[in-house]
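One structure is given below, encoded as structure tokens.
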Amino acid sequence: MKNALLALSAIVVGALVLAACGGSDSGSPATTAPPATIATEPAATGDVVEATLDVVGGEPDGGVQTIELKKGQDVKLTVNSDQPYEIHLHGYDIVKDAGPDTPAVFAFTADIDGVFEIEVEDTATQIGKLAVNP
Amino acid sequence: MRRLLVVGGALVAAGALLPTSALAHGLVSRGDLPIPAWLFGWAAAAVLIVSFVALAALWKTPQLENSPRRPLGEVFSRIVTSPLTEVVCGTLGVALLGIAIWAGFAGVQSPADNVTPTFVYVIFWVALVPLSALVGNVFSAFNPWRAIGRAFSWGAGRAAGDEIGGAFPYPDWLGRWPAAAGLVAFAWLELASPSGTSAKTLAAAALVYTSVTFLGMGLFGVETWIQRGEAFSTYFGLFARMAVLERADDRIVLRRPLAGLTTLEPIAGTVGVLAVMIGTVTFDGGQETLLWNDAGPAIADFFRSVGAGAALGDELSDGVGLLTAIVLVAAFYNLGIAGARTAGGSFGQSELARLFVHSLVPIAFAYVLAHYLTFLLFQGQAMGFLISDPLGHGWNLFGTTGWNIDYGIIGGKVVWYCQVAIVVAGHVGALCLAHDRALVVYDDQRLAVRSQYWMLAIMIGFTSLALWLLSQANF
């Protein structure tokens, strides 16, 4: 019984150490940089985060990219397209037209957290992801 | 300042090749944020602590095996099990199947605007899982194929003046394998097929599955096929065994949580069904990982190089990933069982694997619920407006067409905590079941404990995988 208790406490300590490591270890899975992330920082003028996606021939230029934000930030997302398309930001459910001369500009406050798809509505092609962290 | 950071390299190219991988459902509008490292660490620690406390402190006599059942009030039992209730529920089930097929063919084809994809993938496939675990085998009552089969054999029996059974006895070796195959086919449609969210495809698949089920019921008898061969009865029936409510003949009885799983008959194919259940969710989560970001396109390229088209290459690559995940889950479980055999006792490999397979059900439940929690909570709301306009033709049958999905009903952090709590709870449930079973199978208490080190390793393995997949979401 004494041995069992000793072993148990050793395991509890070990588990706590593991938890602490999990918290500080930047190399652990959850913090590995995802591919093609647009790092966003509060811009110098005001606190509006700006990001741009380019659509060429209805496909995302450079692949599907993720725009990372903090919840509550103000965002100005610009989508350039060489052809006229309807661009849909899911979740926030904003639809804007993008064309050769006029980009689609999404200006909103990121008040819902989660990962949201940005797509060319006409062809249901995903062109980006909006990741709003809590 | 306008910032654009285009990151080059192979990963980007890989991302471009898989434009729809992460949100392949076509229904997922809000994906989950990956569980952060600190929470992953705490969750893993909790799993370890729970596991070893359990080993040290769990009960010494079986508490779930042969545990008592307490009948509920007679009036309640009579109402629930009355022929009228069965006819009403069965008719409703047939009507829902009919509406799903009709809307699939007659409605618009964009997945989010037609009621069929949301009904099939959210209400049927996901919502029925927690409902079954909570209140018992509801699907059995609403199962449209069972209802039609029973009505048919009742009518034919009256005409012939005799009970109508199946044409052939159900072979033992077939066991639950048809159900496993049916679940793989459904998962392939959902996760690999490029047209899996198309309403027409789903309607056609429902027709095909209906024919297969009628064939099975005709060959082997309605109840036999429903209980062993029918994929969805098997799937929801397993989760329903976690519930405290059970139907015993014409009585509704209360039992201890999870106790229903101890009476699961581990016939041939049961391990296969569980491997499919855990493996499919593993692949669905795994599709969002960096690992699959690399492997998926490589496999797709291989299929293209041997002559497959672009879409077929993607489908086959996803199919290979799906089957690989299932095989790996089965292999891992069997590895743990092989280990447990070294602890002693005179059990054969498949015998021991079947003896403990029921303990994987709470883990499968945790996989499904944690992975599809937000899908259920958000896309489930879409039913509110889809019922008013099932075909996407601009109708407003119930005045709810203008409703929207409220993505604010649950915050990202709460989602994380719920997911971790579900996974840890599933782990605890599995441990309790395996421990209880070990007390029954092994005469020797020491053998029982030693075999449990191996079962524990299996559980921790599956639970860690679940947590890892949640921490990899949406890369």
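Here's how to read the names in the structure tokens: chain A, B, ... by the order shown, residue numbers from 1 in each chain, ligand numbers from 1 in the order shown.
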
Quiz item: Tell me, which residues of region 113-253 of chain B carry DSSP strand (DSSP E or B), written as a PyMOL selection string?
Solution: chain B and resi 245-248+251-253

Preceding selection exported with C-alpha atoms as a PDB file, in the first residue's frame:
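Output contents, as saved in again.pdb:
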```pdb
ATOM      1  CA  LEU B 245     -32.567   3.694 -20.080  1.00  0.00           C
ATOM      2  CA  GLU B 246     -33.119   0.321 -21.686  1.00  0.00           C
ATOM      3  CA  ARG B 247     -36.023  -1.462 -23.237  1.00  0.00           C
ATOM      4  CA  ALA B 248     -36.492  -5.013 -21.967  1.00  0.00           C
ATOM      5  CA  ARG B 251     -40.772  -2.619 -19.999  1.00  0.00           C
ATOM      6  CA  ILE B 252     -38.463   0.372 -19.793  1.00  0.00           C
ATOM      7  CA  VAL B 253     -35.811  -0.232 -17.152  1.00  0.00           C
TER       8      VAL B 253
END
```

Quiz item: Neighbours of Val244 (chain B) within 10 Å (only C-alpha atoms; same-chain residues fewer than 4 positions away dropped), as a list in words?
Solution: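 So, after excluding close chain neighbours, the residues are Arg69, Ala133, Leu134, Val135, Gly136, Ala240, Val253, Leu254, Arg255, Arg256, Pro257, Leu258, Ala259 and Gly260 of chain B.
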
Store the residues picked out above, limited to N, CA and C atoms, as a compact mmCIF listing (two decimals), in the first residue's frame.
```txt
# COMPACT_ATOMS: atom_id res chain seq x y z
N ARG B 69 -31.12 -3.97 -12.66
CA ARG B 69 -31.98 -3.11 -13.47
C ARG B 69 -33.22 -2.79 -12.64
N ALA B 133 -26.82 8.20 -26.50
CA ALA B 133 -26.08 7.97 -25.26
C ALA B 133 -26.85 8.51 -24.06
N LEU B 134 -27.70 9.49 -24.31
CA LEU B 134 -28.44 10.13 -23.22
C LEU B 134 -29.73 9.38 -22.89
N VAL B 135 -30.54 9.09 -23.91
CA VAL B 135 -31.85 8.53 -23.62
C VAL B 135 -32.06 7.12 -24.16
N GLY B 136 -31.03 6.52 -24.75
CA GLY B 136 -31.19 5.15 -25.21
C GLY B 136 -31.44 5.04 -26.71
N ALA B 240 -26.14 3.81 -27.69
CA ALA B 240 -27.31 3.74 -26.82
C ALA B 240 -27.05 2.84 -25.62
N VAL B 253 -36.50 -0.06 -18.42
CA VAL B 253 -35.81 -0.23 -17.15
C VAL B 253 -34.64 0.74 -17.04
N LEU B 254 -34.29 1.04 -15.78
CA LEU B 254 -33.14 1.89 -15.50
C LEU B 254 -31.95 0.99 -15.21
N ARG B 255 -30.80 1.35 -15.74
CA ARG B 255 -29.59 0.58 -15.44
C ARG B 255 -28.47 1.57 -15.12
N ARG B 256 -27.36 1.05 -14.63
CA ARG B 256 -26.23 1.94 -14.34
C ARG B 256 -25.65 2.47 -15.65
N PRO B 257 -25.08 3.67 -15.62
CA PRO B 257 -24.46 4.20 -16.84
C PRO B 257 -23.41 3.22 -17.35
N LEU B 258 -23.35 3.04 -18.64
CA LEU B 258 -22.39 2.17 -19.33
C LEU B 258 -22.69 0.67 -19.16
N ALA B 259 -23.58 0.32 -18.20
CA ALA B 259 -23.79 -1.10 -17.91
C ALA B 259 -24.32 -1.85 -19.12
N GLY B 260 -25.04 -1.15 -20.00
CA GLY B 260 -25.59 -1.80 -21.18
C GLY B 260 -24.51 -2.37 -22.08
```

Exercise. Name the closest residue to chain B among the candidates A:Val64, A:Val120, A:Ala110, A:Leu89; distances are taken between atoms, counting only C-alpha atoms.
Key: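 For chain B, the nearest of the given residues is A:Val64.
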
Practice problem: Assign secondary structure with DSSP using the backbone only, and return the residues of region 238-410 of chain B in helix (DSSP H, G or I) as a ChimeraX atom specification. | Solution: /B:238-240,259-263,270-286,290-305,310-342,349-386

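Distances from A:Ala104, A:Gly63, A:Gly57, A:Pro84 to chain B were compared using only C-alpha atoms, and the smallest one belongs to A:Gly63.
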
Self-check item: Residue neighbourhood region 315-322 of chain B, 8 Å, only C-alpha atoms, exclusion window fewer than 2 positions, as number ranges by chain
Solution: B: 188, 191-194, 279-280, 283, 296-297, 299-300, 303, 311-313, 324-326

Emit the selected residues as a PDB file, in the first residue's frame, including C-alpha atoms.
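Produced file result30.pdb, reproduced below:
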```pdb
ATOM      1  CA  TRP B 188     -16.027   7.482 -47.672  1.00  0.00           C
ATOM      2  CA  LEU B 191     -14.820  12.419 -46.119  1.00  0.00           C
ATOM      3  CA  ALA B 192     -13.380  11.243 -49.421  1.00  0.00           C
ATOM      4  CA  SER B 193     -15.962  11.614 -52.166  1.00  0.00           C
ATOM      5  CA  PRO B 194     -15.855  15.011 -53.922  1.00  0.00           C
ATOM      6  CA  GLY B 279     -10.689   5.406 -37.402  1.00  0.00           C
ATOM      7  CA  THR B 280     -13.081   7.566 -39.406  1.00  0.00           C
ATOM      8  CA  PHE B 283      -9.016  10.568 -40.365  1.00  0.00           C
ATOM      9  CA  GLY B 296      -2.347  13.638 -48.945  1.00  0.00           C
ATOM     10  CA  PRO B 297      -1.096  15.430 -52.069  1.00  0.00           C
ATOM     11  CA  ILE B 299      -0.712  10.024 -52.504  1.00  0.00           C
ATOM     12  CA  ALA B 300      -2.995  11.968 -54.871  1.00  0.00           C
ATOM     13  CA  PHE B 303      -2.831   8.095 -58.338  1.00  0.00           C
ATOM     14  CA  ALA B 311     -10.824  14.684 -58.702  1.00  0.00           C
ATOM     15  CA  LEU B 312     -10.437  10.908 -58.628  1.00  0.00           C
ATOM     16  CA  GLY B 313      -6.839  11.290 -57.439  1.00  0.00           C
ATOM     17  CA  THR B 324      -5.164   3.552 -43.266  1.00  0.00           C
ATOM     18  CA  ALA B 325      -6.560   5.285 -40.180  1.00  0.00           C
ATOM     19  CA  ILE B 326      -9.017   2.426 -39.615  1.00  0.00           C
TER      20      ILE B 326
END
```

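With only C-alpha atoms as the atoms that count, the minimum distance from Asp172 (chain B) to the choices B:Phe302, B:Phe52, B:Phe220, B:Phe40 is reached by B:Phe220.
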
If we count only C-alpha atoms and set the cut-off at 10 Å, which residues sit around Gly72 (chain A), ignoring sequence neighbours fewer than 2 positions away in its own chain? Please answer as a compact mmCIF listing (two decimals) with N, CA and C atoms, in the first residue's frame.
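Dumped everything to selection26.txt:
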```txt
# COMPACT_ATOMS: atom_id res chain seq x y z
N LEU A 69 -6.01 36.49 -36.07
CA LEU A 69 -6.44 37.70 -35.36
C LEU A 69 -6.69 37.39 -33.90
N LYS A 70 -6.80 38.45 -33.11
CA LYS A 70 -7.32 38.31 -31.76
C LYS A 70 -8.78 38.76 -31.78
N ASP A 74 -10.41 45.16 -34.82
CA ASP A 74 -11.05 45.67 -36.03
C ASP A 74 -10.23 45.23 -37.23
N VAL A 75 -10.92 44.79 -38.27
CA VAL A 75 -10.23 44.21 -39.42
C VAL A 75 -10.61 44.96 -40.69
N PHE A 108 -14.80 45.03 -40.58
CA PHE A 108 -15.68 44.54 -39.52
C PHE A 108 -14.87 44.35 -38.24
N THR A 109 -15.58 44.12 -37.14
CA THR A 109 -14.93 43.79 -35.88
C THR A 109 -14.99 42.29 -35.68
N ALA A 110 -13.84 41.68 -35.40
CA ALA A 110 -13.77 40.22 -35.26
C ALA A 110 -14.29 39.81 -33.89
N ASP A 111 -15.63 39.78 -33.74
CA ASP A 111 -16.19 39.53 -32.42
C ASP A 111 -16.68 38.09 -32.22
N ILE A 112 -16.46 37.21 -33.23
CA ILE A 112 -16.79 35.79 -33.05
C ILE A 112 -15.49 35.00 -33.21
N ASP A 113 -15.15 34.18 -32.22
CA ASP A 113 -13.92 33.41 -32.39
C ASP A 113 -14.18 32.10 -33.11
N VAL A 132 -9.81 33.54 -35.75
CA VAL A 132 -9.98 34.53 -34.68
C VAL A 132 -9.77 33.83 -33.34
N ASN A 133 -8.66 34.15 -32.68
CA ASN A 133 -8.32 33.51 -31.42
C ASN A 133 -8.99 34.21 -30.24
N PRO A 134 -9.41 33.44 -29.24
CA PRO A 134 -10.09 34.04 -28.09
C PRO A 134 -9.12 34.90 -27.25
```
